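Novice: Can you read through this structure? Questions will come right after.
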Amino acid sequence: MTAWDDPARRRDAADWLAERLTALGTPPTGPAEVVHEQAWSTVHRVPTAAGPLWFKATAPSLRHEVAVHAVVSARRPDCVPALLAADPDRGWMLMADAGERLREIVARERSVDAWLEVLPRYAGLQRDCTDDVPALLAAGAPDLRLAVLPDAYAQTVDEVAGALAADAPDGADLARRAAAATDRVREMCAALAASGPAETVQHDDLNDGQIYRAADGYRVLDWGDACVTHPFLSLSVAVEGVIAWGPDDVEGSVGTAPFVEAYLAPFGDDVPAAGREAAVRTALRLGWACRAVNGHRSGLEEVGRTATRLRMLLDGHP
C-alpha cells in the first residue's frame, strides 16, 4: 500500500492543494501529474502560470519529514526547495521547483564531478544546523546520536535475525556476524564521538536522486530518512554507494579522495587534521549501521536492503 491508496485521503489532499494554490495566487493551469508513487511517498507535479510546483504526501511513518524540512529550510533556505505550504500532521507539503535532478546531469555529462560542489554545500548545511538539534528532535527526526546508535543497532539486528535467515542462504550467518559486531559498533561510535564535529542533521540517503540543480545552486530534497547523528555518516551512501560507482555504475571506477576532501572542507578545524583519515574510515563503516537501523525502523524497507547495509558494515561490499 502507498501513501496515496486511500480515495478519501486523495480527495482531502486535492482540496487542500487547491486551497493553498489559490491562497498563493498560483492556481493550477492543468491537472496535477503523479511522477512518483512508492510506499514511502507520492509526489505530484502541479503546473501553474508561475512554473511547476511540487506536492508531496509522505507515508505515516515518515510524516516528520515535513517538520524536518521546515527546520532545515529556516536555517539554510538556499539548500532546500522553498516550503510554500505544509500540513505536518498529515505529511503533506507544497514545494517550489528545485531544478534538474543530479542523476540526469551525471548521465548527460558522463561525470560525477558535480558532487565536488554538492558535498561542501551539504556539509555547510550540516554545520549550520548544529544548533537546531533540539528542534530537529522535537520535529520527529530519529535520534541516532552516537550514544544511542549501538543499542539501536543491537535491537535492529535482533528484530531482523529471523527474516535474514529466511531471506538468503547466508542470512543466518549474516545475522550471527552482525550480532557479534555490536561491541565493535559501540567502539566505533566512541571513537567517532571523540573526533568531532558536533552531531547534527544527517540526510541518511544522500544519493543523486535526492539532489537537484537550480539556477542558483544545488538543493537537497527528500528528508524523510533524515536523523540526528554524526554528520560524517552521510559519506557512506554518497561516497561508497554512489560516487565510487561513477556514471557507468561500475564499483571502484572513481577515486573518492577529492570528494571526501571537498566534503570535509566546511568543517575546518572542527576535526583535527591528524584524525581526519581515521574519522572518515570509521564513519564510512558506521554509516551503514545507521542506515540499517533507520531503514528498518521506518517499517518500509525490505529485509534485503537491511542485509545489504549490514554486509557493507561488516565487509565493505554488498
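Convention: chains lettered A, B, ... in C-alpha cells order; per-chain residue numbering from 1; ligands numbered from 1 as shown.
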List the spatial neighbours of Asp131 of chain A as a PyMOL selection string - criterion: any atom at most 12 Å away, only C-alpha atoms, same-chain residues fewer than 2 positions off excluded.
Specialist: chain A and resi 71-72+75+125-129+133-137+198-201+228
Novice: Determine which residues of segment 14-169 of chain A receive a DSSP assignment of strand (DSSP E), computed from the backbone, and state them as a list in words.
Specialist: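 Assigned to strand (DSSP E), within segment 14-169 of chain A: Glu33, Val34, Val35, His36, Glu37, Ser41, Thr42, Val43, His44, Arg45, Val46, Leu53, Trp54, Phe55, Lys56, Ala57, Thr58, Leu83, Leu84, Ala85, Ala86, Asp87, Trp92, Met93, Leu94, Met95, Ala96, Glu100 and Arg101 of chain A.
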Novice: Considering only C-alpha atoms, tabulate each residue of segment 162-235 of chain A that lies at most 12 Å from segment 115-120 of chain A along with its nearest interatomic pair and the corresponding distance in Å to one decimal; arrange the rows by chain and ascending residue number and present them as a tab-separated table.
Specialist:
```
residue	atom	partner	partner_atom	distance
A:Leu206	CA	A:Leu119	CA	9.6
A:Asn207	CA	A:Trp115	CA	10.0
A:Asp208	CA	A:Trp115	CA	8.9
A:Gln210	CA	A:Val118	CA	11.2
A:Ile211	CA	A:Val118	CA	8.2
A:Tyr212	CA	A:Val118	CA	9.5
A:Arg213	CA	A:Val118	CA	9.3
A:Gly217	CA	A:Val118	CA	8.7
A:Tyr218	CA	A:Val118	CA	6.5
A:Arg219	CA	A:Val118	CA	8.5
A:Val220	CA	A:Val118	CA	8.8
A:Pro231	CA	A:Leu119	CA	11.7
A:Phe232	CA	A:Leu119	CA	11.1
A:Ser234	CA	A:Leu119	CA	9.8
A:Leu235	CA	A:Leu119	CA	9.3
```
Novice: Just write the chosen residues, C-alpha atoms, as a PDB file, in the first residue's frame.
Specialist:
```
ATOM      1  CA  LEU A 206      22.254  11.277   0.128  1.00  0.00           C
ATOM      2  CA  ASN A 207      22.179   9.979  -3.433  1.00  0.00           C
ATOM      3  CA  ASP A 208      21.929  11.548  -6.874  1.00  0.00           C
ATOM      4  CA  GLN A 210      17.725  13.388  -3.993  1.00  0.00           C
ATOM      5  CA  ILE A 211      19.739  16.336  -5.293  1.00  0.00           C
ATOM      6  CA  TYR A 212      18.634  18.924  -7.859  1.00  0.00           C
ATOM      7  CA  ARG A 213      20.368  21.826  -9.577  1.00  0.00           C
ATOM      8  CA  GLY A 217      22.803  26.207  -6.898  1.00  0.00           C
ATOM      9  CA  TYR A 218      22.010  22.741  -5.672  1.00  0.00           C
ATOM     10  CA  ARG A 219      19.098  21.726  -3.467  1.00  0.00           C
ATOM     11  CA  VAL A 220      18.801  18.625  -1.262  1.00  0.00           C
ATOM     12  CA  PRO A 231      27.421  14.327  10.163  1.00  0.00           C
ATOM     13  CA  PHE A 232      30.099  12.143   8.559  1.00  0.00           C
ATOM     14  CA  SER A 234      26.327  10.738   5.231  1.00  0.00           C
ATOM     15  CA  LEU A 235      29.508   9.690   3.442  1.00  0.00           C
TER      16      LEU A 235
END
```
Novice: Interatomic distance between atom CA of Ala279 of chain A and atom CA of Ser195 of chain A?
Specialist: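 Going from atom CA of Ala279 of chain A over to atom CA of Ser195 of chain A, I get 6.5 Å.
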Novice: So which residues touch segment 78-87 of chain A within 8 Å, counting only C-alpha atoms, skipping near sequence neighbours fewer than 3 positions away, as a VMD selection string?
Specialist: chain A and resid 20 66 69 to 70 72 to 73 90 to 98 121 to 122 125 217 to 221
Novice: Tell me which protein, DNA and RNA residues are within 12 Å of segment 168-173 of chain A, counting only C-alpha atoms, leaving out same-chain ones fewer than 3 positions away, and put them as a PyMOL selection string.
Specialist: chain A and resi 157-158+160-165+176-180+303-308+310-311+314
Novice: Which residue out of A:Val43, A:Leu149, A:Leu24, A:Leu62 has the minimum interatomic distance to Leu300 of chain A when only C-alpha atoms are used?
Specialist: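 The closest residue to Leu300 of chain A is A:Leu62.
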Novice: Determine, for each residue of segment 186-228 of chain A having at least one atom at most 12 Å from an atom of segment 265-278 of chain A, the closest pair of atoms and their separation in Å to one decimal, counting only C-alpha atoms; order by chain and ascending number, as CSV.
Specialist:
```
residue,atom,partner,partner_atom,distance
A:Met188,CA,A:Ala278,CA,10.4
A:Ala191,CA,A:Ala278,CA,9.1
A:Leu192,CA,A:Ala278,CA,8.7
A:Ala193,CA,A:Val271,CA,10.8
A:Ala194,CA,A:Val271,CA,9.7
A:Ser195,CA,A:Val271,CA,6.3
A:Gly196,CA,A:Val271,CA,5.5
A:Pro197,CA,A:Asp270,CA,5.2
A:Ala198,CA,A:Asp270,CA,8.2
A:Glu199,CA,A:Asp270,CA,11.5
```
Novice: Quick one: of A:Ala139, A:Val148, A:Val68, A:Ala57, who's nearest to Thr229 of chain A, counting only C-alpha atoms?
Specialist: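 Of all the options, A:Val148 lies closest to Thr229 of chain A.
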Novice: With only C-alpha atoms as the counted atoms, please give the residues lying no more than 6 Å from Cys227 of chain A, apart from itself and same-chain residues fewer than 2 positions off, as a list in words.
Specialist: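 Contacts, with the query itself left out: Ala141, Pro142, Val201 and Gln202 of chain A.
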Novice: Select from segment 188-236 of chain A everything DSSP, run on the backbone, classes as alpha helix (DSSP H), then give the selection as an MDAnalysis selection string.
Specialist: chainID A and resid 188:195 235
